[in-house]
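Everything on this sheet refers to the single structure shown next.
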Amino acid sequence: MSEWIKPFTSQEESALFNPAFLAAVIRKSAESYKAESDSLMPISLAFLTVPAAMSRQIRETFPVMKTTSLLVWAETHERERLLLQRNAPALAPATRMALVLGPSMGLFRLHNSRITANPARGIKSLASLSKGSLEVKEVLKVAERLGKSFARSGDPASIFSIWGVTAG
């Protein structure tokens, strides 16, 4: 059995936390970040994207509307902020694996500490994801919203501060 599967309690959970799927989550966020700001997403934001998108509690409360700022949401969702503060370090190894795997899958490229989605390899071209469960689709949708929100929220240090997550 692969080492990364051992900590998970179910086959579905291990599939969701598969580094290949997490690479697709990162790609989706980077793609929407670029669409929103016309700049590339800093790699450090992948370490917030993955735990936020993978948390059902955060997915269910994260704003759908563009008008809700990340700061306003974070101020009114302390439980979700605390959850992210706990989960971000725990998921950092899986995020690192996804950052290594993503470029080899052709999902994104890493350049100068930034992520650029590969336009030739869209998420829709990944048949297994387009036919995935409702949860898979929700994770990808929130990853997209996170990328847009991050693009509107300033530099990575400010975003980490808003969430109360320390880098490192």
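Quick note on naming: the chains in the structure tokens go A, B, ... in the order shown, residues restart at 1 in each chain, and ligands are numbered from 1 in order of appearance.
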
Please provide as a list of chain:residue names all residues within 12 Å of Thr76 (chain A), with the sequence filter that same-chain residues fewer than 5 positions apart are discarded (counting only C-alpha atoms).
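Listing them by chain and then by number gives A:Thr61, A:Phe62, A:Pro63, A:Thr68, A:Ser69, A:Leu70, A:Leu71, A:Arg81, A:Leu82, A:Ile162, A:Trp163.
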
Output of the above residues as an mmCIF file, in the first residue's frame, restricted to C-alpha atoms:
```cif
data_model
loop_
_atom_site.group_PDB
_atom_site.id
_atom_site.type_symbol
_atom_site.label_atom_id
_atom_site.label_comp_id
_atom_site.auth_asym_id
_atom_site.auth_seq_id
_atom_site.Cartn_x
_atom_site.Cartn_y
_atom_site.Cartn_z
ATOM 1 C CA THR A 61 -19.643 28.332 3.847
ATOM 2 C CA PHE A 62 -17.201 29.881 1.382
ATOM 3 C CA PRO A 63 -18.839 32.810 -0.441
ATOM 4 C CA THR A 68 -17.957 39.120 -0.352
ATOM 5 C CA SER A 69 -14.323 39.795 0.465
ATOM 6 C CA LEU A 70 -12.064 37.138 1.912
ATOM 7 C CA LEU A 71 -11.456 39.360 4.947
ATOM 8 C CA ARG A 81 -10.475 29.680 10.026
ATOM 9 C CA LEU A 82 -9.479 27.461 12.955
ATOM 10 C CA ILE A 162 -6.409 36.816 7.015
ATOM 11 C CA TRP A 163 -6.715 33.040 7.474
#
```

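What separates CA of Thr95 (chain A) from CA of Glu36 (chain A) is a distance of 22.8 Å.
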
List every residue of region 3-82 of chain A that has an atom at most 12 Å from any atom of region 99-111 of chain A, and for each one report the closest atom pair and its distance in Å to one decimal, counting only C-alpha atoms, with rows sorted by chain and then by increasing residue number, as CSV.
```
residue,atom,partner,partner_atom,distance
A:Asn18,CA,A:Leu101,CA,10.6
A:Pro19,CA,A:Leu101,CA,7.1
A:Ala20,CA,A:Leu101,CA,6.6
A:Phe21,CA,A:Gly102,CA,9.2
A:Leu22,CA,A:Leu99,CA,8.5
A:Ala23,CA,A:Gly102,CA,4.9
A:Ala24,CA,A:Leu107,CA,6.8
A:Val25,CA,A:Gly102,CA,9.8
A:Ile26,CA,A:Leu99,CA,8.0
A:Arg27,CA,A:Phe108,CA,6.0
A:Lys28,CA,A:Leu107,CA,9.1
A:Ser29,CA,A:Phe108,CA,10.8
A:Ala30,CA,A:Phe108,CA,8.4
A:Glu31,CA,A:Phe108,CA,9.0
A:Leu40,CA,A:His111,CA,9.1
A:Met41,CA,A:Leu110,CA,9.8
A:Pro42,CA,A:Leu110,CA,9.3
A:Ile43,CA,A:Leu110,CA,7.9
A:Ser44,CA,A:Leu99,CA,10.4
A:Leu45,CA,A:Leu99,CA,11.3
A:Ala46,CA,A:Leu99,CA,8.2
A:Phe47,CA,A:Leu99,CA,9.8
A:Thr49,CA,A:Leu99,CA,11.9
A:Val50,CA,A:Leu99,CA,10.8
```

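Closest approach to Thr67 (chain A) among A:Ser153, A:Ser161, A:Asn87, A:Asn112 is made by A:Ser153 (distances from only C-alpha atoms).
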
Can you check which residues of region 61-117 of chain A DSSP gives as strand (DSSP E or B) on the backbone and send them as a PDB file with all heavy atoms, in the first residue's frame?
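In the end it all went to states.pdb:
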```
ATOM      1  N   PHE A 108      -0.099  22.062 -14.898  1.00  0.00           N
ATOM      2  CA  PHE A 108       0.398  23.418 -14.689  1.00  0.00           C
ATOM      3  C   PHE A 108       1.918  23.406 -14.766  1.00  0.00           C
ATOM      4  O   PHE A 108       2.544  22.350 -14.782  1.00  0.00           O
ATOM      5  CB  PHE A 108      -0.088  24.011 -13.356  1.00  0.00           C
ATOM      6  CG  PHE A 108       0.188  23.188 -12.127  1.00  0.00           C
ATOM      7  CD1 PHE A 108       1.433  23.215 -11.504  1.00  0.00           C
ATOM      8  CD2 PHE A 108      -0.796  22.390 -11.570  1.00  0.00           C
ATOM      9  CE1 PHE A 108       1.690  22.474 -10.367  1.00  0.00           C
ATOM     10  CE2 PHE A 108      -0.557  21.641 -10.428  1.00  0.00           C
ATOM     11  CZ  PHE A 108       0.688  21.682  -9.821  1.00  0.00           C
ATOM     12  N   ARG A 109       2.466  24.615 -14.809  1.00  0.00           N
ATOM     13  CA  ARG A 109       3.921  24.796 -14.794  1.00  0.00           C
ATOM     14  C   ARG A 109       4.276  25.673 -13.597  1.00  0.00           C
ATOM     15  O   ARG A 109       3.482  26.511 -13.177  1.00  0.00           O
ATOM     16  CB  ARG A 109       4.387  25.461 -16.092  1.00  0.00           C
ATOM     17  CG  ARG A 109       4.264  24.579 -17.306  1.00  0.00           C
ATOM     18  CD  ARG A 109       4.827  25.258 -18.553  1.00  0.00           C
ATOM     19  NE  ARG A 109       4.026  26.390 -18.991  1.00  0.00           N
ATOM     20  CZ  ARG A 109       3.022  26.319 -19.853  1.00  0.00           C
ATOM     21  NH1 ARG A 109       2.689  25.165 -20.379  1.00  0.00           N
ATOM     22  NH2 ARG A 109       2.354  27.394 -20.204  1.00  0.00           N
ATOM     23  N   LEU A 110       5.477  25.471 -13.089  1.00  0.00           N
ATOM     24  CA  LEU A 110       5.997  26.288 -12.000  1.00  0.00           C
ATOM     25  C   LEU A 110       7.081  27.177 -12.583  1.00  0.00           C
ATOM     26  O   LEU A 110       7.985  26.699 -13.259  1.00  0.00           O
ATOM     27  CB  LEU A 110       6.571  25.415 -10.890  1.00  0.00           C
ATOM     28  CG  LEU A 110       5.606  24.386 -10.289  1.00  0.00           C
ATOM     29  CD1 LEU A 110       6.324  23.525  -9.267  1.00  0.00           C
ATOM     30  CD2 LEU A 110       4.398  25.067  -9.676  1.00  0.00           C
ATOM     31  N   HIS A 111       6.952  28.482 -12.323  1.00  0.00           N
ATOM     32  CA  HIS A 111       7.917  29.429 -12.871  1.00  0.00           C
ATOM     33  C   HIS A 111       8.072  30.588 -11.902  1.00  0.00           C
ATOM     34  O   HIS A 111       7.092  31.275 -11.578  1.00  0.00           O
ATOM     35  CB  HIS A 111       7.443  29.936 -14.237  1.00  0.00           C
ATOM     36  CG  HIS A 111       8.382  30.893 -14.885  1.00  0.00           C
ATOM     37  ND1 HIS A 111       9.620  30.512 -15.360  1.00  0.00           N
ATOM     38  CD2 HIS A 111       8.278  32.218 -15.114  1.00  0.00           C
ATOM     39  CE1 HIS A 111      10.226  31.568 -15.870  1.00  0.00           C
ATOM     40  NE2 HIS A 111       9.435  32.622 -15.727  1.00  0.00           N
ATOM     41  N   ARG A 114       5.717  30.757  -8.989  1.00  0.00           N
ATOM     42  CA  ARG A 114       4.321  30.974  -9.371  1.00  0.00           C
ATOM     43  C   ARG A 114       3.828  29.791 -10.186  1.00  0.00           C
ATOM     44  O   ARG A 114       4.614  29.058 -10.772  1.00  0.00           O
ATOM     45  CB  ARG A 114       4.168  32.266 -10.155  1.00  0.00           C
ATOM     46  CG  ARG A 114       4.553  33.465  -9.280  1.00  0.00           C
ATOM     47  CD  ARG A 114       4.048  34.763  -9.829  1.00  0.00           C
ATOM     48  NE  ARG A 114       4.304  35.833  -8.884  1.00  0.00           N
ATOM     49  CZ  ARG A 114       3.375  36.367  -8.098  1.00  0.00           C
ATOM     50  NH1 ARG A 114       2.151  35.934  -8.139  1.00  0.00           N
ATOM     51  NH2 ARG A 114       3.684  37.346  -7.279  1.00  0.00           N
ATOM     52  N   ILE A 115       2.503  29.651 -10.218  1.00  0.00           N
ATOM     53  CA  ILE A 115       1.868  28.537 -10.921  1.00  0.00           C
ATOM     54  C   ILE A 115       1.111  29.085 -12.111  1.00  0.00           C
ATOM     55  O   ILE A 115       0.332  30.034 -11.981  1.00  0.00           O
ATOM     56  CB  ILE A 115       0.875  27.800 -10.004  1.00  0.00           C
ATOM     57  CG1 ILE A 115       1.584  27.306  -8.742  1.00  0.00           C
ATOM     58  CG2 ILE A 115       0.200  26.650 -10.745  1.00  0.00           C
ATOM     59  CD1 ILE A 115       0.642  26.820  -7.667  1.00  0.00           C
ATOM     60  N   THR A 116       1.334  28.478 -13.260  1.00  0.00           N
ATOM     61  CA  THR A 116       0.558  28.840 -14.438  1.00  0.00           C
ATOM     62  C   THR A 116      -0.153  27.595 -14.955  1.00  0.00           C
ATOM     63  O   THR A 116       0.473  26.550 -15.156  1.00  0.00           O
ATOM     64  CB  THR A 116       1.430  29.489 -15.534  1.00  0.00           C
ATOM     65  OG1 THR A 116       0.613  29.808 -16.650  1.00  0.00           O
ATOM     66  CG2 THR A 116       2.552  28.590 -15.991  1.00  0.00           C
ATOM     67  N   ALA A 117      -1.459  27.690 -15.086  1.00  0.00           N
ATOM     68  CA  ALA A 117      -2.243  26.572 -15.606  1.00  0.00           C
ATOM     69  C   ALA A 117      -1.869  26.345 -17.062  1.00  0.00           C
ATOM     70  O   ALA A 117      -1.697  27.301 -17.817  1.00  0.00           O
ATOM     71  CB  ALA A 117      -3.732  26.871 -15.473  1.00  0.00           C
TER      72      ALA A 117
END
```

Tell me which protein, DNA and RNA residues are within 8 Å of Arg145 (chain A), counting only C-alpha atoms, leaving out same-chain ones fewer than 2 positions away, and put them as a list in words.
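The residues that qualify are Ser29, Ser32, Val64, Lys141, Val142, Ala143, Gly147, Lys148 and Ser149 of chain A.
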
Could you dump the residues just selected with N, CA, C and O atoms as a short mmCIF file (atom, residue, chain, number, x, y, z; two decimals), in the first residue's frame?
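What landed in again-v4.cif:
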```cif
data_model
loop_
_atom_site.label_atom_id
_atom_site.label_comp_id
_atom_site.auth_asym_id
_atom_site.auth_seq_id
_atom_site.Cartn_x
_atom_site.Cartn_y
_atom_site.Cartn_z
N SER A 29 -7.51 26.39 -9.22
CA SER A 29 -7.34 27.63 -8.48
C SER A 29 -6.41 28.59 -9.22
O SER A 29 -6.70 29.78 -9.33
N SER A 32 -8.20 30.19 -12.26
CA SER A 32 -9.14 31.27 -11.93
C SER A 32 -8.42 32.48 -11.35
O SER A 32 -8.85 33.61 -11.56
N VAL A 64 -20.07 32.51 -2.45
CA VAL A 64 -20.28 32.31 -3.88
C VAL A 64 -20.19 33.64 -4.60
O VAL A 64 -19.69 33.72 -5.71
N LYS A 141 -15.09 23.40 -7.78
CA LYS A 141 -15.79 24.69 -7.85
C LYS A 141 -15.27 25.64 -6.77
O LYS A 141 -15.04 26.83 -7.03
N VAL A 142 -15.04 25.12 -5.57
CA VAL A 142 -14.52 25.97 -4.50
C VAL A 142 -13.07 26.36 -4.79
O VAL A 142 -12.67 27.49 -4.52
N ALA A 143 -12.29 25.45 -5.37
CA ALA A 143 -10.92 25.80 -5.76
C ALA A 143 -10.93 26.97 -6.74
O ALA A 143 -10.10 27.88 -6.65
N GLY A 147 -9.31 30.70 -5.96
CA GLY A 147 -8.36 31.38 -6.83
C GLY A 147 -8.79 32.81 -7.12
O GLY A 147 -7.97 33.74 -7.05
N LYS A 148 -10.06 33.00 -7.42
CA LYS A 148 -10.58 34.34 -7.69
C LYS A 148 -10.48 35.22 -6.45
O LYS A 148 -10.09 36.39 -6.53
N SER A 149 -10.86 34.66 -5.32
CA SER A 149 -10.82 35.42 -4.07
C SER A 149 -9.40 35.80 -3.70
O SER A 149 -9.13 36.94 -3.29
#
```

Write out as number ranges by chain which residues come within 9 Å of Ser55 (chain A) when counting only C-alpha atoms, dropping same-chain ones fewer than 2 positions away.
A: 50-53, 57-60, 80, 83-84, 87, 139

What is the distance, in Å and to one decimal place, between CA of Ala74 (chain A) and CA of Pro93 (chain A)?
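Computing the Euclidean distance for CA of Ala74 (chain A) and CA of Pro93 (chain A) yields 24.6 Å.
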
Name the residues of region 23-148 of chain A that come out as helix (DSSP H, G or I) in a backbone DSSP run; write them as an NGL selection string.
:A and (23-37 or 43-54 or 56-61 or 70-76 or 78-105 or 123-125 or 127-130 or 134-148)

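Rounded to one decimal, CA of Ser39 (chain A) and CA of Ala98 (chain A) lie 21.1 Å from each other.
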